[in-house]
Amino acid sequence: MNQRLRRLPWPSETGKPAYLSTDDPDSLLSRMADSVETTMLESAEDVGRLAHTLLHDAIPLTEGELRSTATRLVESVRDATHVARLRGQRLGMDEGDAEPEAPDPPNTRPHLQAVRTSPQDDPPRT
């Protein structure tokens, strides 16, 4: 048996990195971690696509919309970087012996909540 610890994409109850000890990549927790990582990456792609559309829209963004878009982009980059580090660790490409600082837990709020569907949805500008 060659058990390695797999760092999970969510923090422990105390906010520290959580680990799974298993040789079975098809275990329930391994599959759940894979699913969470995939969701994080897919969400980051969606946010990037939506942000691109918003930023290239003919209708200018309000300061609040721009701030919300930038916030979601930063969260998405953080999540994607977190997944990249986790996968790199599993491939044996650790960043030395030091554990990188744990990022904030993944955001569970819907991304880009301020997405407009039409100019009528915009708040009045003064």
# chains A, B, ... in the order shown; residues from 1 in each chain; ligands from 1

$ select_by_dssp --residues "range 15-78 of chain A" --states "alpha helix (DSSP H)" --output "ChimeraX atom specification"
/A:28-55,63-78

$ write_last_selection --atoms "N, CA and C atoms" --output "compact mmCIF listing (two decimals), in the first residue's frame"
# COMPACT_ATOMS: atom_id res chain seq x y z
N LEU A 28 -15.62 7.40 -2.39
CA LEU A 28 -16.66 8.43 -2.37
C LEU A 28 -16.07 9.82 -2.19
N LEU A 29 -15.18 9.99 -1.21
CA LEU A 29 -14.60 11.32 -0.97
C LEU A 29 -13.69 11.75 -2.11
N SER A 30 -12.97 10.83 -2.72
CA SER A 30 -12.12 11.18 -3.87
C SER A 30 -12.98 11.68 -5.03
N ARG A 31 -14.06 10.97 -5.31
CA ARG A 31 -14.96 11.39 -6.39
C ARG A 31 -15.62 12.72 -6.07
N MET A 32 -15.98 12.93 -4.80
CA MET A 32 -16.59 14.19 -4.39
C MET A 32 -15.59 15.34 -4.57
N ALA A 33 -14.34 15.12 -4.17
CA ALA A 33 -13.30 16.15 -4.33
C ALA A 33 -13.08 16.45 -5.81
N ASP A 34 -13.04 15.41 -6.65
CA ASP A 34 -12.90 15.62 -8.09
C ASP A 34 -14.05 16.46 -8.62
N SER A 35 -15.25 16.16 -8.17
CA SER A 35 -16.44 16.89 -8.61
C SER A 35 -16.38 18.36 -8.19
N VAL A 36 -15.96 18.61 -6.96
CA VAL A 36 -15.85 19.99 -6.47
C VAL A 36 -14.80 20.75 -7.29
N GLU A 37 -13.66 20.12 -7.55
CA GLU A 37 -12.62 20.77 -8.35
C GLU A 37 -13.14 21.10 -9.75
N THR A 38 -13.83 20.15 -10.36
CA THR A 38 -14.39 20.37 -11.70
C THR A 38 -15.39 21.51 -11.69
N THR A 39 -16.23 21.56 -10.67
CA THR A 39 -17.22 22.63 -10.56
C THR A 39 -16.54 23.99 -10.39
N MET A 40 -15.47 24.02 -9.61
CA MET A 40 -14.74 25.27 -9.42
C MET A 40 -14.16 25.76 -10.74
N LEU A 41 -13.60 24.85 -11.53
CA LEU A 41 -13.02 25.25 -12.82
C LEU A 41 -14.10 25.66 -13.82
N GLU A 42 -15.19 24.93 -13.86
CA GLU A 42 -16.29 25.27 -14.76
C GLU A 42 -16.89 26.62 -14.40
N SER A 43 -17.03 26.87 -13.12
CA SER A 43 -17.55 28.15 -12.65
C SER A 43 -16.62 29.29 -13.06
N ALA A 44 -15.31 29.07 -12.93
CA ALA A 44 -14.34 30.10 -13.32
C ALA A 44 -14.46 30.39 -14.83
N GLU A 45 -14.64 29.35 -15.63
CA GLU A 45 -14.83 29.56 -17.07
C GLU A 45 -16.08 30.37 -17.34
N ASP A 46 -17.17 30.03 -16.66
CA ASP A 46 -18.43 30.76 -16.84
C ASP A 46 -18.27 32.23 -16.46
N VAL A 47 -17.63 32.48 -15.34
CA VAL A 47 -17.43 33.86 -14.89
C VAL A 47 -16.59 34.62 -15.91
N GLY A 48 -15.52 34.00 -16.40
CA GLY A 48 -14.69 34.66 -17.41
C GLY A 48 -15.47 35.01 -18.67
N ARG A 49 -16.28 34.07 -19.10
CA ARG A 49 -17.11 34.30 -20.30
C ARG A 49 -18.11 35.43 -20.07
N LEU A 50 -18.80 35.39 -18.93
CA LEU A 50 -19.78 36.43 -18.63
C LEU A 50 -19.13 37.79 -18.44
N ALA A 51 -17.99 37.82 -17.76
CA ALA A 51 -17.28 39.08 -17.56
C ALA A 51 -16.83 39.66 -18.90
N HIS A 52 -16.35 38.81 -19.78
CA HIS A 52 -15.93 39.28 -21.10
C HIS A 52 -17.11 39.92 -21.82
N THR A 53 -18.26 39.27 -21.77
CA THR A 53 -19.45 39.81 -22.42
C THR A 53 -19.84 41.15 -21.81
N LEU A 54 -19.86 41.22 -20.47
CA LEU A 54 -20.22 42.47 -19.80
C LEU A 54 -19.25 43.60 -20.13
N LEU A 55 -17.97 43.29 -20.13
CA LEU A 55 -16.96 44.33 -20.35
C LEU A 55 -16.92 44.80 -21.80
N GLU A 63 -20.42 51.60 -11.58
CA GLU A 63 -19.30 51.28 -10.70
C GLU A 63 -19.57 50.00 -9.91
N GLY A 64 -20.80 49.82 -9.44
CA GLY A 64 -21.16 48.61 -8.69
C GLY A 64 -21.07 47.36 -9.54
N GLU A 65 -21.50 47.44 -10.79
CA GLU A 65 -21.43 46.29 -11.70
C GLU A 65 -19.98 45.94 -12.01
N LEU A 66 -19.15 46.96 -12.22
CA LEU A 66 -17.74 46.73 -12.49
C LEU A 66 -17.05 46.12 -11.28
N ARG A 67 -17.36 46.63 -10.10
CA ARG A 67 -16.77 46.09 -8.87
C ARG A 67 -17.20 44.64 -8.66
N SER A 68 -18.48 44.34 -8.87
CA SER A 68 -18.98 42.98 -8.72
C SER A 68 -18.31 42.03 -9.72
N THR A 69 -18.16 42.48 -10.95
CA THR A 69 -17.52 41.67 -11.98
C THR A 69 -16.06 41.39 -11.60
N ALA A 70 -15.36 42.44 -11.16
CA ALA A 70 -13.95 42.27 -10.77
C ALA A 70 -13.83 41.33 -9.57
N THR A 71 -14.73 41.45 -8.62
CA THR A 71 -14.71 40.58 -7.44
C THR A 71 -14.89 39.13 -7.84
N ARG A 72 -15.84 38.85 -8.71
CA ARG A 72 -16.08 37.48 -9.16
C ARG A 72 -14.90 36.93 -9.95
N LEU A 73 -14.26 37.80 -10.75
CA LEU A 73 -13.08 37.36 -11.50
C LEU A 73 -11.95 36.99 -10.56
N VAL A 74 -11.73 37.79 -9.53
CA VAL A 74 -10.67 37.51 -8.55
C VAL A 74 -10.97 36.19 -7.84
N GLU A 75 -12.21 35.98 -7.43
CA GLU A 75 -12.59 34.73 -6.77
C GLU A 75 -12.35 33.53 -7.70
N SER A 76 -12.67 33.70 -8.96
CA SER A 76 -12.50 32.62 -9.93
C SER A 76 -11.04 32.29 -10.17
N VAL A 77 -10.20 33.31 -10.27
CA VAL A 77 -8.76 33.07 -10.43
C VAL A 77 -8.23 32.36 -9.20
N ARG A 78 -8.65 32.80 -8.01
CA ARG A 78 -8.21 32.16 -6.77
C ARG A 78 -8.62 30.69 -6.75

$ select_by_dssp --residues "range 15-63 of chain A" --states "strand (DSSP E)" --output "PyMOL selection string"
chain A and resi 17-22

$ closest_residue --among "A:Glu13, A:Arg4, A:Ser21, A:Asp26" --to "Gln89 in chain A" --atoms "only C-alpha atoms"
A:Arg4

$ atom_distance --atom1 "CA of Asp23 in chain A" --atom2 "CA of Ala84 in chain A"
20.8 Å
